[in-house]
>>> print(open('start.cif').read())   # mmCIF, C-alpha atoms
data_entry
#
loop_
_atom_site.label_atom_id
_atom_site.label_comp_id
_atom_site.auth_asym_id
_atom_site.auth_seq_id
_atom_site.Cartn_x
_atom_site.Cartn_y
_atom_site.Cartn_z
CA MET A 1 0.16 17.61 23.93
CA SER A 2 -3.38 18.90 24.32
CA PRO A 3 -6.28 16.62 23.45
CA TYR A 4 -7.51 19.21 20.95
CA ARG A 5 -4.34 18.89 18.90
CA VAL A 6 -4.72 15.11 18.77
CA ARG A 7 -8.30 15.47 17.60
CA SER A 8 -7.40 17.91 14.85
CA GLN A 9 -4.74 15.54 13.45
CA VAL A 10 -7.15 12.66 12.91
CA PRO A 11 -8.25 12.63 9.23
CA VAL A 12 -11.94 12.24 10.01
CA GLY A 13 -13.14 12.35 6.40
CA ALA A 14 -10.73 9.65 5.24
CA LEU A 15 -11.56 7.50 8.28
CA GLN A 16 -15.28 7.82 7.57
CA GLY A 17 -14.53 6.62 4.04
CA ALA A 18 -12.63 3.65 5.45
CA LEU A 19 -15.46 2.88 7.85
CA GLY A 20 -17.94 3.02 4.97
CA ALA A 21 -15.76 0.56 3.02
CA GLU A 22 -15.59 -1.77 6.04
CA HIS A 23 -19.38 -1.64 6.49
CA ALA A 24 -19.73 -2.57 2.80
CA ALA A 25 -17.17 -5.38 3.08
CA VAL A 26 -18.97 -6.89 6.08
CA TRP A 27 -22.21 -6.84 4.07
CA VAL A 28 -20.49 -8.33 1.01
CA TYR A 29 -19.03 -11.28 2.90
CA GLY A 30 -22.48 -11.99 4.29
CA VAL A 31 -23.76 -12.25 0.71
CA VAL A 32 -20.77 -14.15 -0.67
CA GLY A 33 -21.08 -16.93 1.90
CA ALA A 34 -24.39 -18.04 0.40
CA PHE A 35 -22.85 -18.69 -3.03
CA VAL A 36 -19.46 -20.30 -2.53
CA PRO A 37 -18.58 -23.92 -1.79
CA ASP A 38 -17.99 -25.04 1.77
CA ALA A 39 -14.31 -25.54 1.01
CA LEU A 40 -13.93 -21.75 1.02
CA SER A 41 -15.93 -21.12 4.17
CA ARG A 42 -12.90 -20.87 6.47
CA ARG A 43 -11.27 -18.21 4.28
CA LEU A 44 -14.57 -16.35 4.03
CA ASP A 45 -15.00 -16.42 7.80
CA GLU A 46 -11.48 -15.06 8.30
CA ALA A 47 -12.12 -12.23 5.87
CA ALA A 48 -15.47 -11.38 7.44
CA THR A 49 -13.97 -11.41 10.93
CA ALA A 50 -11.09 -9.19 9.82
CA HIS A 51 -13.45 -6.60 8.34
CA GLN A 52 -15.70 -6.65 11.42
CA ALA A 53 -12.64 -5.97 13.59
CA ARG A 54 -11.53 -3.11 11.32
CA ARG A 55 -15.04 -1.68 11.37
CA ASP A 56 -15.20 -1.74 15.17
CA ALA A 57 -11.69 -0.31 15.60
CA THR A 58 -12.40 2.48 13.11
CA GLN A 59 -15.61 3.37 14.92
CA ARG A 60 -13.64 3.67 18.16
CA ILE A 61 -11.01 5.91 16.56
CA LEU A 62 -13.71 8.22 15.20
CA ILE A 63 -15.56 8.36 18.52
CA ASP A 64 -12.29 9.14 20.32
CA ALA A 65 -11.74 11.96 17.83
CA GLY A 66 -15.15 13.40 18.66
CA ALA A 67 -16.80 12.37 15.38
CA ALA A 68 -20.01 10.40 14.87
CA PRO A 69 -19.16 7.19 12.93
CA VAL A 70 -21.12 6.78 9.69
CA PRO A 71 -23.66 3.95 9.87
CA PRO A 72 -23.88 1.17 7.28
CA GLU A 73 -26.02 1.88 4.24
CA PRO A 74 -29.52 0.36 4.34
CA GLY A 75 -28.64 -1.46 1.10
CA TYR A 76 -25.78 -1.82 -1.36
CA LEU A 77 -25.81 -1.92 -5.15
CA THR A 78 -23.50 -4.56 -6.59
CA PRO A 79 -21.64 -3.89 -9.86
CA GLU A 80 -23.12 -7.07 -11.33
CA PRO A 81 -25.82 -9.52 -10.18
CA VAL A 82 -24.50 -12.13 -7.77
CA THR A 83 -25.74 -15.45 -9.10
CA ASP A 84 -22.95 -17.97 -8.50
CA ALA A 85 -19.59 -18.53 -6.81
CA ALA A 86 -17.63 -16.66 -9.48
CA SER A 87 -19.76 -13.52 -9.39
CA ALA A 88 -19.82 -13.67 -5.58
CA LEU A 89 -16.03 -13.80 -5.40
CA ARG A 90 -15.74 -10.97 -7.91
CA LEU A 91 -17.88 -8.95 -5.50
CA ALA A 92 -15.45 -9.85 -2.70
CA ILE A 93 -12.56 -8.62 -4.90
CA THR A 94 -14.46 -5.34 -5.43
CA ALA A 95 -14.99 -4.94 -1.68
CA GLU A 96 -11.30 -5.56 -0.97
CA THR A 97 -10.26 -3.16 -3.73
CA ASP A 98 -12.53 -0.47 -2.28
CA ALA A 99 -11.18 -1.08 1.22
CA ALA A 100 -7.60 -0.81 -0.04
CA ALA A 101 -8.35 2.54 -1.67
CA ALA A 102 -10.04 3.89 1.45
CA TRP A 103 -7.17 2.88 3.74
CA ARG A 104 -4.53 4.24 1.36
CA SER A 105 -6.31 7.57 1.66
CA VAL A 106 -6.03 7.33 5.45
CA VAL A 107 -2.27 6.71 5.09
CA GLU A 108 -1.94 9.77 2.87
CA ARG A 109 -3.90 12.06 5.18
CA SER A 110 -2.56 10.90 8.56
CA PRO A 111 0.27 12.83 10.16
CA ALA A 112 3.70 11.20 10.00
CA ASP A 113 4.72 9.16 13.03
CA ALA A 114 1.10 8.62 14.03
CA ASP A 115 -0.02 5.13 15.06
CA LEU A 116 -2.87 5.56 12.58
CA ARG A 117 -0.40 5.37 9.67
CA GLY A 118 0.62 1.89 10.72
CA THR A 119 -2.96 0.78 11.26
CA ALA A 120 -3.99 2.08 7.83
CA LEU A 121 -1.00 0.44 6.13
CA GLU A 122 -1.88 -2.90 7.73
CA ALA A 123 -5.50 -2.59 6.59
CA LEU A 124 -4.40 -1.66 3.04
CA THR A 125 -1.96 -4.57 2.92
CA ASP A 126 -4.47 -7.11 4.25
CA ALA A 127 -7.11 -5.99 1.73
CA ALA A 128 -4.62 -6.18 -1.14
CA VAL A 129 -3.52 -9.69 -0.16
CA ARG A 130 -7.12 -10.91 0.14
CA ALA A 131 -7.99 -9.40 -3.25
CA THR A 132 -5.03 -11.20 -4.83
CA ARG A 133 -5.96 -14.52 -3.19
CA TRP A 134 -9.56 -14.23 -4.42
CA ARG A 135 -8.30 -13.42 -7.93
CA ALA A 136 -6.22 -16.60 -7.77
CA THR A 137 -9.28 -18.55 -6.61
CA VAL A 138 -11.47 -17.37 -9.50
CA GLY A 139 -8.65 -17.38 -12.05
CA ALA A 140 -8.78 -13.63 -12.65
CA THR A 141 -5.74 -11.99 -14.22
CA PRO A 142 -3.57 -10.20 -13.47
CA LEU A 143 -3.32 -11.54 -9.92
CA THR A 144 -1.58 -8.43 -8.65
CA VAL A 145 -1.68 -4.69 -9.23
CA PRO A 146 1.44 -2.54 -8.83
CA PHE A 147 -0.19 0.09 -6.59
CA PRO A 148 -3.02 -1.38 -4.51
CA GLY A 149 -5.41 1.35 -3.37
CA ALA A 150 -4.10 3.96 -5.79
CA PRO A 151 -6.76 5.96 -7.64
CA MET B 1 1.64 48.27 12.46
CA LEU B 2 3.97 50.30 10.20
CA THR B 3 6.83 49.75 12.53
CA VAL B 4 6.30 46.05 12.52
CA GLY B 5 6.09 46.05 8.73
CA THR B 6 9.37 47.91 8.38
CA ALA B 7 11.08 45.53 10.71
CA LEU B 8 9.86 42.60 8.67
CA LEU B 9 11.11 44.17 5.45
CA LEU B 10 14.52 44.73 6.93
CA THR B 11 14.91 41.27 8.34
CA GLY B 12 13.06 39.47 5.54
CA PRO B 13 15.87 38.94 3.00
CA ALA B 14 18.28 37.59 5.59
CA ALA B 15 15.68 35.20 6.93
CA LEU B 16 14.74 34.05 3.44
CA THR B 17 18.35 33.40 2.51
CA GLY B 18 18.90 31.27 5.55
CA CYS B 19 15.70 29.38 4.91
CA SER B 20 16.30 28.65 1.25
CA SER B 21 19.89 27.50 1.68
CA SER B 22 18.88 24.90 4.22
CA ALA B 23 15.74 23.83 2.35
CA ARG B 24 17.39 23.48 -1.07
CA ALA B 25 20.53 21.70 -0.01
CA PRO B 26 19.26 18.62 1.85
CA SER B 27 22.01 16.50 3.25
CA GLY B 28 22.29 12.79 2.66
CA PRO B 29 20.52 10.60 0.15
CA ASP B 30 16.81 10.92 -0.51
CA PRO B 31 15.00 8.23 1.53
CA LEU B 32 13.39 6.98 -1.71
CA GLU B 33 16.79 6.19 -3.23
CA SER B 34 17.08 2.86 -1.43
CA PRO B 35 13.58 1.54 -2.32
CA ALA B 36 14.14 2.67 -5.93
CA ARG B 37 17.39 0.69 -6.14
CA ARG B 38 15.76 -2.28 -4.46
CA ALA B 39 12.89 -2.22 -6.95
CA GLU B 40 15.38 -2.23 -9.84
CA ALA B 41 17.38 -5.09 -8.28
CA ASP B 42 14.21 -7.12 -7.62
CA ALA B 43 13.05 -6.60 -11.21
CA ALA B 44 16.43 -7.85 -12.48
CA LEU B 45 16.32 -10.87 -10.17
CA ALA B 46 12.78 -11.75 -11.20
CA GLN B 47 13.61 -11.32 -14.89
CA ALA B 48 16.54 -13.69 -14.49
CA VAL B 49 14.21 -16.27 -12.94
CA VAL B 50 11.81 -15.84 -15.86
CA GLN B 51 14.61 -16.66 -18.30
CA THR B 52 15.84 -19.74 -16.47
CA GLN B 53 12.46 -21.19 -15.48
CA THR B 54 10.19 -20.55 -18.49
CA GLN B 55 10.81 -23.98 -20.02
CA THR B 56 10.94 -26.09 -16.87
CA ASN B 57 8.61 -24.28 -14.45
CA PRO B 58 6.12 -22.13 -16.34
CA ALA B 59 4.05 -21.44 -13.21
CA LEU B 60 7.02 -20.01 -11.32
CA ALA B 61 8.09 -18.14 -14.44
CA ALA B 62 4.66 -16.51 -14.59
CA SER B 63 4.91 -15.44 -10.94
CA ALA B 64 8.40 -14.09 -11.59
CA ARG B 65 7.21 -12.21 -14.68
CA ALA B 66 4.42 -10.55 -12.68
CA LEU B 67 6.90 -9.59 -9.96
CA ALA B 68 9.33 -8.20 -12.53
CA GLU B 69 6.57 -6.09 -14.10
CA ASP B 70 5.29 -4.68 -10.82
CA ARG B 71 8.78 -3.95 -9.45
CA THR B 72 9.71 -2.22 -12.72
CA THR B 73 6.59 -0.05 -12.35
CA HIS B 74 7.61 0.72 -8.75
CA ALA B 75 11.11 1.72 -9.84
CA THR B 76 9.70 4.04 -12.51
CA ALA B 77 7.35 5.77 -10.06
CA LEU B 78 10.01 6.08 -7.35
CA ARG B 79 12.57 7.50 -9.83
CA ALA B 80 9.97 10.01 -11.03
CA GLU B 81 9.37 11.16 -7.46
CA LEU B 82 13.14 11.35 -6.83
CA ARG B 83 13.60 13.57 -9.90
CA ARG B 84 10.66 15.75 -8.90
CA ALA B 85 12.07 16.30 -5.42
CA ARG B 86 15.65 16.91 -6.55
CA PRO B 87 15.95 17.86 -10.21
CA LEU B 88 19.76 17.85 -10.06
CA PRO B 89 21.59 14.54 -9.77
CA PRO B 90 23.10 13.94 -6.34
CA ALA B 91 26.80 14.43 -5.77
CA THR B 92 28.69 11.18 -6.23
CA SER B 93 29.80 11.21 -2.61
CA ALA B 94 26.13 11.17 -1.52
CA VAL B 95 25.27 8.00 -3.43
CA PRO B 96 24.63 5.20 -0.94
CA PRO B 97 25.96 1.72 -1.51
CA PRO B 98 23.67 -0.39 -3.67
CA VAL B 99 21.13 -2.64 -2.03
CA ALA B 100 22.55 -6.13 -1.81
CA ALA B 101 20.30 -8.09 -4.14
CA PRO B 102 21.95 -10.64 -6.40
CA ALA B 103 20.67 -10.47 -9.97
CA VAL B 104 21.62 -14.11 -10.39
CA ALA B 105 18.82 -16.60 -10.60
CA ALA B 106 19.01 -19.65 -8.41
CA PRO B 107 19.13 -22.72 -10.64
CA ASP B 108 16.51 -24.93 -9.05
CA LEU B 109 12.81 -24.39 -8.52
CA SER B 110 12.54 -24.17 -4.74
CA ALA B 111 15.64 -21.99 -4.39
CA ALA B 112 14.39 -19.60 -7.07
CA ARG B 113 10.96 -19.43 -5.47
CA THR B 114 12.49 -18.80 -2.03
CA ALA B 115 14.76 -16.07 -3.41
CA LEU B 116 11.81 -14.25 -4.98
CA ALA B 117 9.65 -14.58 -1.86
CA GLN B 118 12.45 -13.27 0.34
CA ALA B 119 13.02 -10.34 -2.02
CA ALA B 120 9.31 -9.47 -1.98
CA ARG B 121 9.14 -9.71 1.81
CA ALA B 122 12.27 -7.58 2.27
CA ALA B 123 10.88 -4.96 -0.12
CA GLN B 124 7.59 -4.95 1.79
CA ASP B 125 9.42 -4.44 5.10
CA GLU B 126 11.59 -1.62 3.77
CA ALA B 127 8.66 0.25 2.21
CA ALA B 128 6.49 -0.27 5.29
CA GLY B 129 9.23 1.19 7.49
CA LEU B 130 9.30 4.35 5.37
CA VAL B 131 5.50 4.77 5.36
CA VAL B 132 5.50 5.87 8.99
CA THR B 133 7.90 8.80 8.56
CA LEU B 134 7.43 10.22 5.05
CA PRO B 135 5.11 13.07 4.02
CA GLY B 136 1.60 12.10 2.90
CA TYR B 137 2.07 11.66 -0.85
CA ARG B 138 5.25 9.64 -0.46
CA ALA B 139 3.78 7.64 2.42
CA ALA B 140 0.84 6.62 0.23
CA LEU B 141 3.18 5.69 -2.65
CA LEU B 142 5.32 3.50 -0.37
CA ALA B 143 2.20 2.03 1.27
CA SER B 144 1.03 0.78 -2.12
CA VAL B 145 4.51 -0.56 -2.89
CA ALA B 146 4.52 -2.41 0.46
CA ALA B 147 1.04 -3.83 -0.15
CA CYS B 148 1.95 -4.96 -3.67
CA CYS B 149 5.10 -6.69 -2.44
CA ALA B 150 2.99 -8.40 0.24
CA THR B 151 0.70 -9.82 -2.45
CA HIS B 152 3.70 -11.27 -4.32
CA ALA B 153 5.15 -12.69 -1.12
CA ALA B 154 1.79 -14.34 -0.39
CA LEU B 155 1.65 -15.92 -3.86
CA LEU B 156 5.25 -17.15 -3.68
CA SER B 157 5.18 -18.63 -0.19
#
>>> encode(input="start.cif", output="structure tokens")
Amino acid sequence: MSPYRVRSQVPVGALQGALGAEHAAVWVYGVVGAFVPDALSRRLDEAATAHQARRDATQRILIDAGAAPVPPEPGYLTPEPVTDAASALRLAITAETDAAAAWRSVVERSPADADLRGTALEALTDAAVRATRWRATVGATPLTVPFPGAP
Amino acid sequence: MLTVGTALLLTGPAALTGCSSSARAPSGPDPLESPARRAEADAALAQAVVQTQTQTNPALAASARALAEDRTTHATALRAELRRARPLPPATSAVPPPVAAPAVAAPDLSAARTALAQAARAAQDEAAGLVVTLPGYRAALLASVAACCATHAALLS
């Protein structure tokens, strides 16, 4: 298979959206850490590390496809002011929800049988599970949604 | 150019007939049939747990109720996609055996919780396996089903 065919099958737009969501999630977990109790720091660190790894891997995929990865935004607007642990964790839920939506779009736009499908499914699933765990932590209901990432 | 056009006109109908007969008569069950049946079986299992555990274990009953609701929503969406793809009901010989999922609630707390967690994990695995091969729209639908089942498995384990 020619390298040009491989490049054309990579859904660059959807991947740039996923990269943008990962940039935002990395920023969010940096903010959240300042507001939540130490008891949650291990879970926060795991989430932050996971998003950093996704960000780096997505950048590599885009570069391999001949695209310039989008940079992080200079600043992010939060849906509500972050003033305490509860509002900080709601921001984390928003970041995970956004990541799930972005990765579902990568699933939809990737060719069948491509490794990228599996990568995107894993990212969608991880984001959905983290969102549910944070909802449980803050007591948000419902804890689950039937179609994580769906518009 | 004219010659080519004439040739296409002459061979067109035969080619179209061959194409449509193979495209409109797919063999074997639709790959969404199994996840649809599994979603229905899981919903029935979870509903049975709700009924037996509401008094004694309200927390588990709440988890089971959430699972029943989400799996019912999955079944509805998968059935809708099945009907869209094949408006006519499948021949009886093409119906696959039902997914083995007992709609009988385990009597005690830990057994009921384990049964629900295993059902959610199995549903996640089945949907995830289909994500890799299906066309884009269906792949995204099954990806969300897999992710949802993963969230239930995480809460139940």
>>> closest_atom_pairs(input="start.cif", of="chain A", to="chain B", cutoff="10 Å", atoms="all atoms listed in the file", output="JSON lines")
{"residue": "A:Ala100", "atom": "CA", "partner": "B:Ser144", "partner_atom": "CA", "distance": 9.0}
{"residue": "A:Ala101", "atom": "CA", "partner": "B:Ser144", "partner_atom": "CA", "distance": 9.6}
{"residue": "A:Trp103", "atom": "CA", "partner": "B:Ala140", "partner_atom": "CA", "distance": 9.5}
{"residue": "A:Arg104", "atom": "CA", "partner": "B:Ala140", "partner_atom": "CA", "distance": 6.0}
{"residue": "A:Ser105", "atom": "CA", "partner": "B:Ala140", "partner_atom": "CA", "distance": 7.4}
{"residue": "A:Val106", "atom": "CA", "partner": "B:Ala140", "partner_atom": "CA", "distance": 8.7}
{"residue": "A:Val107", "atom": "CA", "partner": "B:Ala140", "partner_atom": "CA", "distance": 5.8}
{"residue": "A:Glu108", "atom": "CA", "partner": "B:Gly136", "partner_atom": "CA", "distance": 4.2}
{"residue": "A:Arg109", "atom": "CA", "partner": "B:Gly136", "partner_atom": "CA", "distance": 6.0}
{"residue": "A:Ser110", "atom": "CA", "partner": "B:Gly136", "partner_atom": "CA", "distance": 7.1}
{"residue": "A:Pro111", "atom": "CA", "partner": "B:Gly136", "partner_atom": "CA", "distance": 7.4}
{"residue": "A:Ala112", "atom": "CA", "partner": "B:Thr133", "partner_atom": "CA", "distance": 5.0}
{"residue": "A:Asp113", "atom": "CA", "partner": "B:Val132", "partner_atom": "CA", "distance": 5.3}
{"residue": "A:Ala114", "atom": "CA", "partner": "B:Val132", "partner_atom": "CA", "distance": 7.2}
{"residue": "A:Asp115", "atom": "CA", "partner": "B:Val132", "partner_atom": "CA", "distance": 8.2}
{"residue": "A:Leu116", "atom": "CA", "partner": "B:Val132", "partner_atom": "CA", "distance": 9.1}
{"residue": "A:Arg117", "atom": "CA", "partner": "B:Val132", "partner_atom": "CA", "distance": 6.0}
{"residue": "A:Gly118", "atom": "CA", "partner": "B:Val132", "partner_atom": "CA", "distance": 6.5}
{"residue": "A:Ala120", "atom": "CA", "partner": "B:Ala143", "partner_atom": "CA", "distance": 9.0}
{"residue": "A:Leu121", "atom": "CA", "partner": "B:Ala143", "partner_atom": "CA", "distance": 6.0}
{"residue": "A:Glu122", "atom": "CA", "partner": "B:Ala147", "partner_atom": "CA", "distance": 8.5}
{"residue": "A:Ala123", "atom": "CA", "partner": "B:Ala147", "partner_atom": "CA", "distance": 9.5}
{"residue": "A:Leu124", "atom": "CA", "partner": "B:Ala147", "partner_atom": "CA", "distance": 6.7}
{"residue": "A:Thr125", "atom": "CA", "partner": "B:Ala147", "partner_atom": "CA", "distance": 4.4}
{"residue": "A:Asp126", "atom": "CA", "partner": "B:Ala147", "partner_atom": "CA", "distance": 7.8}
{"residue": "A:Ala127", "atom": "CA", "partner": "B:Ala147", "partner_atom": "CA", "distance": 8.6}
{"residue": "A:Ala128", "atom": "CA", "partner": "B:Ala147", "partner_atom": "CA", "distance": 6.2}
{"residue": "A:Val129", "atom": "CA", "partner": "B:Thr151", "partner_atom": "CA", "distance": 4.8}
{"residue": "A:Arg130", "atom": "CA", "partner": "B:Thr151", "partner_atom": "CA", "distance": 8.3}
{"residue": "A:Ala131", "atom": "CA", "partner": "B:Thr151", "partner_atom": "CA", "distance": 8.7}
{"residue": "A:Thr132", "atom": "CA", "partner": "B:Thr151", "partner_atom": "CA", "distance": 6.4}
{"residue": "A:Arg133", "atom": "CA", "partner": "B:Leu155", "partner_atom": "CA", "distance": 7.8}
{"residue": "A:Ala136", "atom": "CA", "partner": "B:Leu155", "partner_atom": "CA", "distance": 8.8}
{"residue": "A:Pro142", "atom": "CA", "partner": "B:Ala66", "partner_atom": "CA", "distance": 8.0}
{"residue": "A:Leu143", "atom": "CA", "partner": "B:Ala66", "partner_atom": "CA", "distance": 8.3}
{"residue": "A:Thr144", "atom": "CA", "partner": "B:Thr151", "partner_atom": "CA", "distance": 6.8}
{"residue": "A:Val145", "atom": "CA", "partner": "B:Cys148", "partner_atom": "CA", "distance": 6.6}
{"residue": "A:Pro146", "atom": "CA", "partner": "B:Asp70", "partner_atom": "CA", "distance": 4.8}
{"residue": "A:Phe147", "atom": "CA", "partner": "B:Ser144", "partner_atom": "CA", "distance": 4.7}
{"residue": "A:Pro148", "atom": "CA", "partner": "B:Ser144", "partner_atom": "CA", "distance": 5.2}
{"residue": "A:Gly149", "atom": "CA", "partner": "B:Ser144", "partner_atom": "CA", "distance": 6.6}
{"residue": "A:Ala150", "atom": "CA", "partner": "B:Ser144", "partner_atom": "CA", "distance": 7.1}
>>> atom_distance(input="start.cif", atom1="atom CA of A:Ala65", atom2="atom CA of A:Glu96")
25.7 Å
>>> atom_distance(input="start.cif", atom1="atom CA of B:Pro35", atom2="atom CA of B:Gln47")
18.0 Å
>>> atom_distance(input="start.cif", atom1="atom CA of A:Ala99", atom2="atom CA of B:Arg79")
27.6 Å
>>> closest_residue(input="start.cif", among="A:Arg55, A:Ala48, A:Ala14, A:Thr141", to="A:Pro72", atoms="all atoms listed in the file")
A:Arg55
>>> closest_residue(input="start.cif", among="A:Thr94, A:Gln16, A:Gln9, A:Gln59", to="A:Tyr29", atoms="all atoms listed in the file")
A:Thr94
>>> closest_residue(input="start.cif", among="A:Gly139, A:Gly30, A:Gly66, A:Ala39", to="A:Gln52", atoms="only C-alpha atoms")
A:Gly30
>>> closest_residue(input="start.cif", among="B:Ala44, B:Glu33, B:Leu156, B:Ala61", to="B:Arg86", atoms="all atoms listed in the file")
B:Glu33
>>> residues_around(input="start.cif", residues="stretch 84-88 of chain A", least_positions_apart="2", cutoff="7 Å", atoms="all atoms listed in the file", output="PyMOL selection string")
chain A and resi 32+35-36+82+90-92+138
>>> closest_residue(input="start.cif", among="B:Gln51, B:Glu81, B:Leu45, B:Pro87", to="B:Gln118", atoms="all atoms listed in the file")
B:Leu45
>>> closest_residue(input="start.cif", among="A:Ala34, A:Gly20, A:Ser41, A:Val28", to="A:Pro71", atoms="all atoms listed in the file")
A:Gly20
>>> axis_aligned_box(input="start.cif", around="stretch 140-147 of chain A", padding_each_side="5 Å", output="JSON")
{"center_x": -3.7, "center_y": -6.8, "center_z": -10.4, "size_x": 20.2, "size_y": 23.7, "size_z": 17.6}
>>> resolve_selection(input="start.cif", expression="the PyMOL selection byres ((chain A and resi 73) around 10)", output="number ranges by chain")
A: 20, 23-24, 27, 70-72, 74-76
>>> residues_around(input="start.cif", residues="B:Ala46", least_positions_apart="6", cutoff="7 Å", atoms="all atoms listed in the file", output="list in words")
Ala64, Arg65, Leu67, Ala68 and Leu116 of chain B
>>> decode(input="start.cif", residues="stretch 48-55 of chain A", atoms="all heavy atoms", output="compact mmCIF listing (two decimals), in the first residue's frame")
# COMPACT_ATOMS: atom_id res chain seq x y z
N ALA A 48 -4.57 13.12 34.54
CA ALA A 48 -3.70 14.07 33.83
C ALA A 48 -2.67 13.33 32.98
O ALA A 48 -2.43 13.69 31.82
CB ALA A 48 -3.01 14.98 34.85
N THR A 49 -2.07 12.29 33.56
CA THR A 49 -1.07 11.52 32.81
C THR A 49 -1.69 10.86 31.58
O THR A 49 -1.09 10.83 30.50
CB THR A 49 -0.45 10.44 33.74
OG1 THR A 49 0.12 11.09 34.87
CG2 THR A 49 0.60 9.64 33.00
N ALA A 50 -2.90 10.33 31.75
CA ALA A 50 -3.58 9.68 30.62
C ALA A 50 -3.81 10.68 29.48
O ALA A 50 -3.59 10.37 28.30
CB ALA A 50 -4.90 9.07 31.08
N HIS A 51 -4.25 11.88 29.82
CA HIS A 51 -4.54 12.87 28.78
C HIS A 51 -3.24 13.38 28.13
O HIS A 51 -3.21 13.66 26.93
CB HIS A 51 -5.36 14.02 29.35
CG HIS A 51 -6.79 13.67 29.55
ND1 HIS A 51 -7.64 13.39 28.50
CD2 HIS A 51 -7.53 13.49 30.67
CE1 HIS A 51 -8.84 13.08 28.97
NE2 HIS A 51 -8.80 13.13 30.29
N GLN A 52 -2.19 13.50 28.93
CA GLN A 52 -0.90 13.90 28.33
C GLN A 52 -0.42 12.86 27.33
O GLN A 52 0.07 13.20 26.24
CB GLN A 52 0.14 14.10 29.44
CG GLN A 52 -0.07 15.39 30.23
CD GLN A 52 0.62 15.35 31.59
OE1 GLN A 52 1.35 14.42 31.91
NE2 GLN A 52 0.37 16.37 32.41
N ALA A 53 -0.61 11.57 27.68
CA ALA A 53 -0.19 10.50 26.77
C ALA A 53 -1.02 10.51 25.49
O ALA A 53 -0.49 10.34 24.38
CB ALA A 53 -0.30 9.15 27.48
N ARG A 54 -2.33 10.72 25.64
CA ARG A 54 -3.20 10.80 24.45
C ARG A 54 -2.80 11.99 23.57
O ARG A 54 -2.77 11.90 22.35
CB ARG A 54 -4.66 10.98 24.87
CG ARG A 54 -5.26 9.82 25.57
CD ARG A 54 -5.90 8.84 24.60
NE ARG A 54 -6.38 7.68 25.32
CZ ARG A 54 -6.15 6.43 24.98
NH1 ARG A 54 -5.45 6.15 23.89
NH2 ARG A 54 -6.64 5.43 25.68
N ARG A 55 -2.54 13.11 24.23
CA ARG A 55 -2.13 14.31 23.48
C ARG A 55 -0.87 14.03 22.66
O ARG A 55 -0.83 14.30 21.45
CB ARG A 55 -1.88 15.45 24.47
CG ARG A 55 -1.35 16.73 23.84
CD ARG A 55 -0.69 17.62 24.88
NE ARG A 55 0.45 16.96 25.49
CZ ARG A 55 1.08 17.38 26.59
NH1 ARG A 55 0.65 18.46 27.22
NH2 ARG A 55 2.13 16.73 27.07
